[in-house]
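Below is one structure, written out as structure tokens; the observations come after it.
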Amino acid sequence: MNLYEYMGKEIFSSFGIPVPSGYVIHDVADLKPLSGSVVVKSQVLIGGRGKSGGIKFASDEAQLKEAVTGLLGTKIRGYTVSTLLIEEKINIAKEYYVSISLNRTERKPLIMASASGGVEIESVDPKEIYTRIIDPLTGYSDYIGREIVSFLGLQGEVASQFRSLLSKLYKVFKEEDCELAEINPLVLTAEGKVLAADAKVVIDSDSLYRHQKYNVTDPEKTPLELEAQGKGYSFVEMDGLIGVIANGAGLTMATLDALTLHKGNPRNFLDLGGTDSIDIVVNAFELVLKANPKAILVNIFGGVTKCDTVASGITAAKAKFNISRPIVVRLSGVREEEGREILKNNGIQAYSEMMPAIEAVVKAAGGA
Amino acid sequence: MNLYEYMGKEIFSSFGIPVPSGYVIHDVADLKPLSGSVVVKSQVLIGGRGKSGGIKFASDEAQLKEAVTGLLGTKIRGYTVSTLLIEEKINIAKEYYVSISLNRTERKPLIMASASGGVEIESVDPKEIYTRIIDPLTGYSDYIGREIVSFLGLQGEVASQFRSLLSKLYKVFKEEDCELAEINPLVLTAEGKVLAADAKVVIDSDSLYRHQKYNVTDPEKTPLELEAQGKGYSFVEMDGLIGVIANGAGLTMATLDALTLHKGNPRNFLDLGGTDSIDIVVNAFELVLKANPKAILVNIFGGVTKCDTVASGITAAKAKFNISRPIVVRLSGVREEEGREILKNNGIQAYSEMMPAIEAVVKAAGGA
Amino acid sequence: MSVLVDKETRVIVQGITGHQGKFHSGEMLKFGTKVVAGTSPGKGGTEVNGIPVFNTVRETRHLNPDATMIAVAAPFVKDAAFEALDAEIPLIYILTEHVPFHDTMEILYHCRRKGVTLIGPNGPGVTAAMDCKIGIMPNHIFKKGDIAVASRSGTLTYEIVGALTRNGFGQSTVIGLGGDPVVGLTFIDVLKMFENDEATNKIVLVGEIGGTNEERAAEYIKSHVSKKVVAYITGRSAPPGKRMGHAGAIVEKGMGTAESKIKAFNHAGVEVAEYPVDIPSLIK
Amino acid sequence: MSVLVDKETRVIVQGITGHQGKFHSGEMLKFGTKVVAGTSPGKGGTEVNGIPVFNTVRETRHLNPDATMIAVAAPFVKDAAFEALDAEIPLIYILTEHVPFHDTMEILYHCRRKGVTLIGPNGPGVTAAMDCKIGIMPNHIFKKGDIAVASRSGTLTYEIVGALTRNGFGQSTVIGLGGDPVVGLTFIDVLKMFENDEATNKIVLVGEIGGTNEERAAEYIKSHVSKKVVAYITGRSAPPGKRMGHAGAIVEKGMGTAESKIKAFNHAGVEVAEYPVDIPSLIK
């Protein structure tokens, strides 16, 4: 789960990482009197916010009001701005980059730092980036900070601030179950203070039960995907014509792949999961129907999810939603015969192999 | 460093371990109005406090005043009572024992629990004691608590309170650098609440730099031992006649052992440590002289501590304190010849072997 | 001898009184697995499917378990794994989905230091046809043979194993690695085992988008694997940035695409099937 | 080959610019030890005794260190040890006194899981006469020979090694275990090494009051050590409950007495010297 900048900064601040002073508003009426120059930052979860005009500066009340009214309610790359962070303007002497993330290849945390901050880290020469895989059992220890300040050429008081901040950033990463805790830019001010001028924090969604304070709607998800998420389905909308219901993430992906290779592009990814229940099948149909596919393919390899349960779900859904568009079913595995019998009685012929079902549904949708 | 009960309970409380409500007084004037029956507990660092009359109960103001005046200033097994803990009287339904300590053999933490609380754990049948060595890297985890409540036959809400308390006790042990964190008795009240009715916390003295809030004078130490501690010496007073100054804990102990086997009992243990300094030698003599031995043995194996430095220290001390009692010196190792020369010029003959020096000092002290 | 488990493997189930524990312990018994005990705090002394239930893993020690299946809810998985580690059980399989990856990292590296094998989380387990099954794979799909299968997904594994069996290709060991971004075994780990396993002559790898596990395996195969390897990769049609069911199945910043994995395997001389059902014709 | 260190061992000193680091790195050089680098944050680029100084251990990697001596102040020891572990240096010796034992426990078990040998804290180090010295033992006391010495104390070790040398008994390896309640090596650990060491024919153990390290060693010797072992135990005259200089040298609740240790050694057929100077006559 991606957190908004202001949420990331709230977390940073609670761990003792210095951030610019500021506050959040949702309405121009929430503005507090100005006590100096400020920056007004749109809270959206997409990159390139500055270039898209999502960040404005103000040094008097009129400019501030103009900036706020000019940003609230507008769209940045398709996403509506409903929240602004009003922050003191800081005097930037130098911009750095630091992040801690999960490195999937090593299955360990990765810490990165660079003196080239304020730009996308991918655009920085790797030689200019300090990287170190962290042993998750010993965790962060000060020698890593000492290596980093040595790499960045920092000394004295600034180096101490950096080391202290890095140790706290690792605490954030670990205690808040982050996939990513990134500060870009990490600013050294003209006054010699080290500050997190931005915050990109991604929390492992599987850990949310122990961080119930976060509740961010993923802006990249479509309304239908959000509805599916609320109902506990893994669901991804795609731009094809064939609705897909399958069981298991791997089998569902394989089904999409097979459809695509047969030029019968899928309308969605929907994994029934490992629960054996008629209702889960019926509700899956409801979701897929909302995506309005030309035909629906159900691909089941019965194990914990039994074929007869799925068959009953299909017939129940067909009746409940009065489905007239083609439904192609493939049933294999546990209680396959019973399932086929149930469908047959309801006028649906079920395939036992995957490939004929793929071909049939592509044909039914009017494809190749 | 042993902490007083009330200090241990303050720590427990700051980690969320429930303790009876109470307060500390040093003077009868500090008493607060009574709101129910209380127990008045002398804060002394020795066992068997209850049996020695150090704990009294009071259920009205008169009894309370009597208890307090009767305890403050009295001596319990030689130690003066200057602090009292006034605590609400709790309704004990059952007493348990729990502790976490360093097990030196395994070099790991050891957790112990028993349904036989309120008595010395050494007197409890080992079969009645749950014990488990804890892996210091995984630390305490709830399964240990589940094993303990299963062992103690606890269920439901009381079991939950126990598990929560045990997890906090491990945090105390680890985060406060304890050698021992013991609750005896751990009380289940008639109202179903689990409370730490006593607290025995021993902090690793080497960790005190990160726990500067503790400052307890070890009541087992003599005034001279405390003075030596303040000056940075490892010093133990003993009841013999021969003062000892040596370098290294092992060599110093070996010197005491050799003296004892020669029926020349030592007056003290004093380890010069590994610093090469004349002043350290002079100050060591000052301490040993305060113990008023019949003769003084200096036993040095020169390495980092060089023999000529020690020799200069001896002659400086002899002059400064005008020492007339016999000083027997053994010098071996680095700069041995130079040291012997310095001493010879000051009328002291230095042995190069340990045993002749032992024999000489025993004789000089008037021994066998 | 098969890889990891065999006829003699003595298995316990942590969380045996839950829905999953109850159902799958019964299925494992039917498969022939020696399920010697289960645990469930406060339910010691009862039975599930005729299997004795204990309060703690420590109480099962006299039964000398060789492996445990952890089927408790995600928030309790780390504690259950630590309990198994403390009891020195040499193989830990975690069935549970949605375990926070920070927990899995801790579990994994504690397993490593104690020489314990971790399978999962969020995978179907391991089966040595027809000797032992630990996990949730359907019983009826297996046939004993010389093909080892390792996969990042569950149902797709059954599809492929089913196809192998129908075409007469039996299996030596089938392992589901798990669909999380951090899991106990990598393809390289299992390739080592398969290469050294006398019962295995050919190897099937079933990968998916996300991470670089397959690319690394391809490199490893070039220099360390003499047995025939074929593969299937799923997620060719997955839109970038979207998690496809598994927490680990996501293409991020151009990393972990199906193309990259297929290319890597081809470079290593590993044929990659277009459809799952093509695996039998490639392996023969 | 000697135990733990030899002529080829490449040593770095963490905290080389401090008082101890400076002095002992010079002494080690004189002994013939290959001290290849030192570290001191912010002092990279300087030299101590002609030894190049770096800011971090990572920067010394190109010098392929085999061992490190940690000579930083107690509060920084854990971090220094983790730095050495991360750089995969296979032997860590901690000179520092007063390290909190909770820190040492962590260091020790992280060393274990990475297969790293930990010596100390609070001990004089290890010397392979006359090939390599890591630590603070005086250079002049050694003579090459076939006697291995392990001890819980510093100066007393020198006393005994000096007596051995004077009496013509050379040493293969001399190890100071350290005087803290938690240290890296136990007597059993070093007995294993000595038993397998071709350069060692006889063994001297120097124990002291506190803990049960000596009692365990005695048990171990009975069944695992074929070489002649003699011992000296100090602290016979120590009053109970008093720490005798070393944090670990204390008799508590009747545990860890000299009597118990002497008795255990005698039961194992290990002669125990009355005085340190008696060791040469027992070993011959």
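Chain labels A, B, ... are given in the sequence in which chains occur in the structure tokens; within each chain residues are numbered consecutively from 1, and ligands are likewise numbered from 1 in the order shown.
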
**OP:** Please return, as a PyMOL selection string, all residues of chain A lying within 6 Å of chain C when only C-alpha atoms are considered.
**Re:** chain A and resi 104-105+107+206-207+234+248-251+253-254+257+303

Taking the DSSP secondary structure from the backbone, can you list the residues of stretch 69-142 of chain D that are helix (DSSP H, G or I), as a PDB file with N, CA and C atoms, in the first residue's frame?
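For reference, out_8.pdb as written:
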ATOM      1  N   ALA D  74      33.803  -0.067  24.862  1.00  0.00           N
ATOM      2  CA  ALA D  74      32.717  -1.038  25.059  1.00  0.00           C
ATOM      3  C   ALA D  74      31.407  -0.673  24.360  1.00  0.00           C
ATOM      4  N   PRO D  75      30.958   0.590  24.414  1.00  0.00           N
ATOM      5  CA  PRO D  75      29.664   0.883  23.784  1.00  0.00           C
ATOM      6  C   PRO D  75      29.658   0.677  22.265  1.00  0.00           C
ATOM      7  N   PHE D  76      30.829   0.596  21.651  1.00  0.00           N
ATOM      8  CA  PHE D  76      30.888   0.495  20.191  1.00  0.00           C
ATOM      9  C   PHE D  76      31.294  -0.894  19.701  1.00  0.00           C
ATOM     10  N   VAL D  77      31.467  -1.807  20.648  1.00  0.00           N
ATOM     11  CA  VAL D  77      31.963  -3.134  20.285  1.00  0.00           C
ATOM     12  C   VAL D  77      30.965  -3.904  19.424  1.00  0.00           C
ATOM     13  N   LYS D  78      29.686  -3.864  19.778  1.00  0.00           N
ATOM     14  CA  LYS D  78      28.699  -4.635  19.029  1.00  0.00           C
ATOM     15  C   LYS D  78      28.684  -4.184  17.569  1.00  0.00           C
ATOM     16  N   ASP D  79      28.655  -2.897  17.356  1.00  0.00           N
ATOM     17  CA  ASP D  79      28.651  -2.374  15.988  1.00  0.00           C
ATOM     18  C   ASP D  79      29.909  -2.804  15.234  1.00  0.00           C
ATOM     19  N   ALA D  80      31.059  -2.723  15.909  1.00  0.00           N
ATOM     20  CA  ALA D  80      32.320  -3.122  15.257  1.00  0.00           C
ATOM     21  C   ALA D  80      32.288  -4.605  14.894  1.00  0.00           C
ATOM     22  N   ALA D  81      31.735  -5.417  15.794  1.00  0.00           N
ATOM     23  CA  ALA D  81      31.661  -6.855  15.509  1.00  0.00           C
ATOM     24  C   ALA D  81      30.720  -7.125  14.334  1.00  0.00           C
ATOM     25  N   PHE D  82      29.596  -6.416  14.294  1.00  0.00           N
ATOM     26  CA  PHE D  82      28.662  -6.592  13.173  1.00  0.00           C
ATOM     27  C   PHE D  82      29.327  -6.166  11.863  1.00  0.00           C
ATOM     28  N   GLU D  83      30.129  -5.108  11.940  1.00  0.00           N
ATOM     29  CA  GLU D  83      30.830  -4.653  10.735  1.00  0.00           C
ATOM     30  C   GLU D  83      31.782  -5.743  10.244  1.00  0.00           C
ATOM     31  N   ALA D  84      32.494  -6.356  11.176  1.00  0.00           N
ATOM     32  CA  ALA D  84      33.424  -7.425  10.811  1.00  0.00           C
ATOM     33  C   ALA D  84      32.672  -8.633  10.256  1.00  0.00           C
ATOM     34  N   LEU D  85      31.528  -8.949  10.873  1.00  0.00           N
ATOM     35  CA  LEU D  85      30.712 -10.074  10.404  1.00  0.00           C
ATOM     36  C   LEU D  85      30.234  -9.825   8.985  1.00  0.00           C
ATOM     37  N   ASP D  86      29.800  -8.609   8.742  1.00  0.00           N
ATOM     38  CA  ASP D  86      29.275  -8.266   7.430  1.00  0.00           C
ATOM     39  C   ASP D  86      30.372  -8.393   6.373  1.00  0.00           C
ATOM     40  N   PHE D 101      27.024  -7.970  28.681  1.00  0.00           N
ATOM     41  CA  PHE D 101      26.957  -9.358  28.206  1.00  0.00           C
ATOM     42  C   PHE D 101      25.793  -9.595  27.249  1.00  0.00           C
ATOM     43  N   HIS D 102      24.762  -8.741  27.317  1.00  0.00           N
ATOM     44  CA  HIS D 102      23.674  -8.882  26.338  1.00  0.00           C
ATOM     45  C   HIS D 102      24.217  -8.610  24.925  1.00  0.00           C
ATOM     46  N   ASP D 103      25.127  -7.660  24.809  1.00  0.00           N
ATOM     47  CA  ASP D 103      25.765  -7.401  23.512  1.00  0.00           C
ATOM     48  C   ASP D 103      26.606  -8.602  23.088  1.00  0.00           C
ATOM     49  N   THR D 104      27.370  -9.134  24.029  1.00  0.00           N
ATOM     50  CA  THR D 104      28.229 -10.280  23.691  1.00  0.00           C
ATOM     51  C   THR D 104      27.381 -11.470  23.246  1.00  0.00           C
ATOM     52  N   MET D 105      26.258 -11.707  23.917  1.00  0.00           N
ATOM     53  CA  MET D 105      25.384 -12.814  23.500  1.00  0.00           C
ATOM     54  C   MET D 105      24.978 -12.650  22.041  1.00  0.00           C
ATOM     55  N   GLU D 106      24.529 -11.447  21.711  1.00  0.00           N
ATOM     56  CA  GLU D 106      24.125 -11.210  20.317  1.00  0.00           C
ATOM     57  C   GLU D 106      25.283 -11.457  19.355  1.00  0.00           C
ATOM     58  N   ILE D 107      26.437 -10.882  19.692  1.00  0.00           N
ATOM     59  CA  ILE D 107      27.601 -11.050  18.826  1.00  0.00           C
ATOM     60  C   ILE D 107      27.923 -12.529  18.664  1.00  0.00           C
ATOM     61  N   LEU D 108      27.951 -13.230  19.783  1.00  0.00           N
ATOM     62  CA  LEU D 108      28.334 -14.651  19.770  1.00  0.00           C
ATOM     63  C   LEU D 108      27.443 -15.477  18.848  1.00  0.00           C
ATOM     64  N   TYR D 109      26.110 -15.294  18.973  1.00  0.00           N
ATOM     65  CA  TYR D 109      25.238 -16.176  18.189  1.00  0.00           C
ATOM     66  C   TYR D 109      25.159 -15.750  16.725  1.00  0.00           C
ATOM     67  N   HIS D 110      25.426 -14.476  16.453  1.00  0.00           N
ATOM     68  CA  HIS D 110      25.557 -14.099  15.045  1.00  0.00           C
ATOM     69  C   HIS D 110      26.861 -14.662  14.471  1.00  0.00           C
ATOM     70  N   CYS D 111      27.919 -14.685  15.265  1.00  0.00           N
ATOM     71  CA  CYS D 111      29.159 -15.328  14.818  1.00  0.00           C
ATOM     72  C   CYS D 111      28.897 -16.799  14.522  1.00  0.00           C
ATOM     73  N   ARG D 112      28.205 -17.466  15.434  1.00  0.00           N
ATOM     74  CA  ARG D 112      27.912 -18.884  15.248  1.00  0.00           C
ATOM     75  C   ARG D 112      27.219 -19.148  13.923  1.00  0.00           C
ATOM     76  N   ARG D 113      26.189 -18.332  13.636  1.00  0.00           N
ATOM     77  CA  ARG D 113      25.404 -18.655  12.449  1.00  0.00           C
ATOM     78  C   ARG D 113      26.196 -18.392  11.182  1.00  0.00           C
ATOM     79  N   ASN D 139      55.312 -10.146  24.128  1.00  0.00           N
ATOM     80  CA  ASN D 139      55.991 -10.877  23.058  1.00  0.00           C
ATOM     81  C   ASN D 139      57.063 -11.856  23.542  1.00  0.00           C
ATOM     82  N   HIS D 140      57.720 -11.505  24.641  1.00  0.00           N
ATOM     83  CA  HIS D 140      58.967 -12.209  24.970  1.00  0.00           C
ATOM     84  C   HIS D 140      58.779 -13.539  25.702  1.00  0.00           C
ATOM     85  N   ILE D 141      57.561 -13.868  26.089  1.00  0.00           N
ATOM     86  CA  ILE D 141      57.391 -15.047  26.968  1.00  0.00           C
ATOM     87  C   ILE D 141      57.312 -16.371  26.210  1.00  0.00           C
TER      88      ILE D 141
END

Original post:
Got a sec to pull out which chain B residues are within 12 Å of chain A, counting only C-alpha atoms, and send them as a list in words?
Top reply: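 On the chain B side, the interface is Pro136, Leu137, Thr138 and Gly139 of chain B.
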
Subject >> Atom pair atom CA of A:Phe235 / atom CA of A:Phe285: separation (Å) >> reply: 12.0 Å

**OP:** Using DSSP on the backbone, list every residue of stretch 45-270 of chain A that comes out as strand (DSSP E), and give them as a ChimeraX atom specification.
**Re:** /A:55-58,75-76,79-80,84-88,92-103,108-114,129-133,178-189,194-196,200-203,234-237,242-246,268-270

**OP:** Could you check which of C:Pro65, C:Gly115, C:Gly45, C:Pro121 is closest to chain D, using only C-alpha atoms?
**Re:** C:Gly115

Subject >> For stretch 200-202 of chain D: contacts at 10 Å, only C-alpha atoms, fewer than 3 positions along chain excluded, given as a ChimeraX atom specification >> reply: /D:2-3,145-149,171-173,193-197,226-230,283-284

Expected file contents, prior selection, N, CA and C atoms, as a JSON list (two decimals), in the first residue's frame:
[["chain", "number", "residue", "atom", "x", "y", "z"],
["D", 2, "SER", "N", 48.83, -24.43, 12.84],
["D", 2, "SER", "CA", 48.43, -24.28, 14.23],
["D", 2, "SER", "C", 46.91, -24.08, 14.28],
["D", 3, "VAL", "N", 46.45, -23.87, 15.48],
["D", 3, "VAL", "CA", 45.03, -23.67, 15.69],
["D", 3, "VAL", "C", 44.69, -22.19, 15.45],
["D", 145, "GLY", "N", 56.70, -24.79, 20.54],
["D", 145, "GLY", "CA", 56.72, -26.15, 21.07],
["D", 145, "GLY", "C", 55.39, -26.85, 20.88],
["D", 146, "ASP", "N", 55.11, -27.85, 21.70],
["D", 146, "ASP", "CA", 53.95, -28.71, 21.45],
["D", 146, "ASP", "C", 52.88, -28.62, 22.54],
["D", 147, "ILE", "N", 52.96, -27.59, 23.38],
["D", 147, "ILE", "CA", 51.98, -27.47, 24.46],
["D", 147, "ILE", "C", 50.97, -26.37, 24.12],
["D", 148, "ALA", "N", 49.69, -26.74, 24.19],
["D", 148, "ALA", "CA", 48.63, -25.75, 23.97],
["D", 148, "ALA", "C", 48.12, -25.29, 25.32],
["D", 149, "VAL", "N", 47.89, -23.99, 25.42],
["D", 149, "VAL", "CA", 47.42, -23.41, 26.68],
["D", 149, "VAL", "C", 46.12, -22.65, 26.41],
["D", 171, "GLN", "N", 55.34, -23.74, 23.26],
["D", 171, "GLN", "CA", 53.90, -23.76, 23.08],
["D", 171, "GLN", "C", 53.52, -23.83, 21.59],
["D", 172, "SER", "N", 52.42, -24.52, 21.33],
["D", 172, "SER", "CA", 51.87, -24.54, 19.97],
["D", 172, "SER", "C", 50.91, -23.35, 19.83],
["D", 173, "THR", "N", 49.92, -23.29, 20.69],
["D", 173, "THR", "CA", 48.93, -22.21, 20.67],
["D", 173, "THR", "C", 48.61, -21.81, 22.10],
["D", 193, "MET", "N", 39.76, -28.29, 19.26],
["D", 193, "MET", "CA", 40.81, -27.82, 18.33],
["D", 193, "MET", "C", 42.15, -28.44, 18.68],
["D", 194, "PHE", "N", 42.49, -28.43, 19.97],
["D", 194, "PHE", "CA", 43.79, -28.94, 20.39],
["D", 194, "PHE", "C", 43.91, -30.44, 20.11],
["D", 195, "GLU", "N", 42.83, -31.18, 20.36],
["D", 195, "GLU", "CA", 42.86, -32.62, 20.13],
["D", 195, "GLU", "C", 43.15, -32.92, 18.65],
["D", 196, "ASN", "N", 42.60, -32.09, 17.77],
["D", 196, "ASN", "CA", 42.79, -32.31, 16.34],
["D", 196, "ASN", "C", 44.05, -31.66, 15.78],
["D", 197, "ASP", "N", 44.77, -30.94, 16.61],
["D", 197, "ASP", "CA", 45.91, -30.17, 16.12],
["D", 197, "ASP", "C", 47.18, -31.01, 16.18],
["D", 226, "SER", "N", 42.41, -37.42, 24.02],
["D", 226, "SER", "CA", 43.41, -38.46, 24.24],
["D", 226, "SER", "C", 44.74, -37.88, 24.70],
["D", 227, "LYS", "N", 44.93, -36.57, 24.47],
["D", 227, "LYS", "CA", 46.20, -35.95, 24.83],
["D", 227, "LYS", "C", 46.24, -35.63, 26.32],
["D", 228, "LYS", "N", 47.46, -35.53, 26.86],
["D", 228, "LYS", "CA", 47.62, -35.23, 28.28],
["D", 228, "LYS", "C", 47.13, -33.82, 28.58],
["D", 229, "VAL", "N", 46.30, -33.69, 29.64],
["D", 229, "VAL", "CA", 45.80, -32.39, 30.05],
["D", 229, "VAL", "C", 46.16, -32.15, 31.51],
["D", 230, "VAL", "N", 46.71, -30.98, 31.81],
["D", 230, "VAL", "CA", 46.88, -30.58, 33.20],
["D", 230, "VAL", "C", 46.20, -29.23, 33.37],
["D", 283, "ILE", "N", 53.37, -31.17, 33.60],
["D", 283, "ILE", "CA", 53.17, -31.41, 32.16],
["D", 283, "ILE", "C", 54.22, -32.35, 31.60],
["D", 284, "LYS", "N", 55.35, -32.45, 32.26],
["D", 284, "LYS", "CA", 56.47, -33.17, 31.62],
["D", 284, "LYS", "C", 56.21, -34.66, 31.49]]

**OP:** Extract, using only C-alpha atoms, all DNA, RNA and protein residues at most 9 Å from B:Tyr79, discarding same-chain residues fewer than 4 positions from it, and format them as a ChimeraX atom specification.
**Re:** /B:44-46,74-75,219

**OP:** Name the residues in contact with B:Ala115 at a cut-off of 12 Å, using only C-alpha atoms, excluding same-chain residues fewer than 2 positions from it; report them as a count of residues only.
**Re:** 31

Original post:
Any idea what's packed within 7 Å of D:Thr127, counting only C-alpha atoms, ignoring anything in its chain fewer than 5 positions away? Could you give it as a list in words?
Top reply: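 The residues satisfying every condition are Cys132, Lys133, Ile134, Thr173, Val174 and Ile175 of chain D.
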
Original post:
Residues at most 10 Å from A:Gly366, counting only C-alpha atoms, excluding those fewer than 4 positions away in the same chain, as a PyMOL selection string?
Top reply: chain A and resi 241-242+264+294-295+360-362

Subject >> Residue among D:Lys261, D:Lys192, D:Gly38, D:Lys143 lying closest to D:Arg166, counting only C-alpha atoms >> reply: D:Lys143

**OP:** Select, from C:Ile262, C:Leu29, C:Gly42, C:Glu252, the residue with the minimum atom-to-atom distance to B:Ser160, counting only C-alpha atoms.
**Re:**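 Checking each of C:Ile262, C:Leu29, C:Gly42, C:Glu252 against B:Ser160, counting only C-alpha atoms, the winner is C:Gly42.
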
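If only C-alpha atoms are the atoms counted, then among D:Ile188, D:Thr257, D:Glu219, D:Lys114 the closest residue to chain C is D:Lys114.
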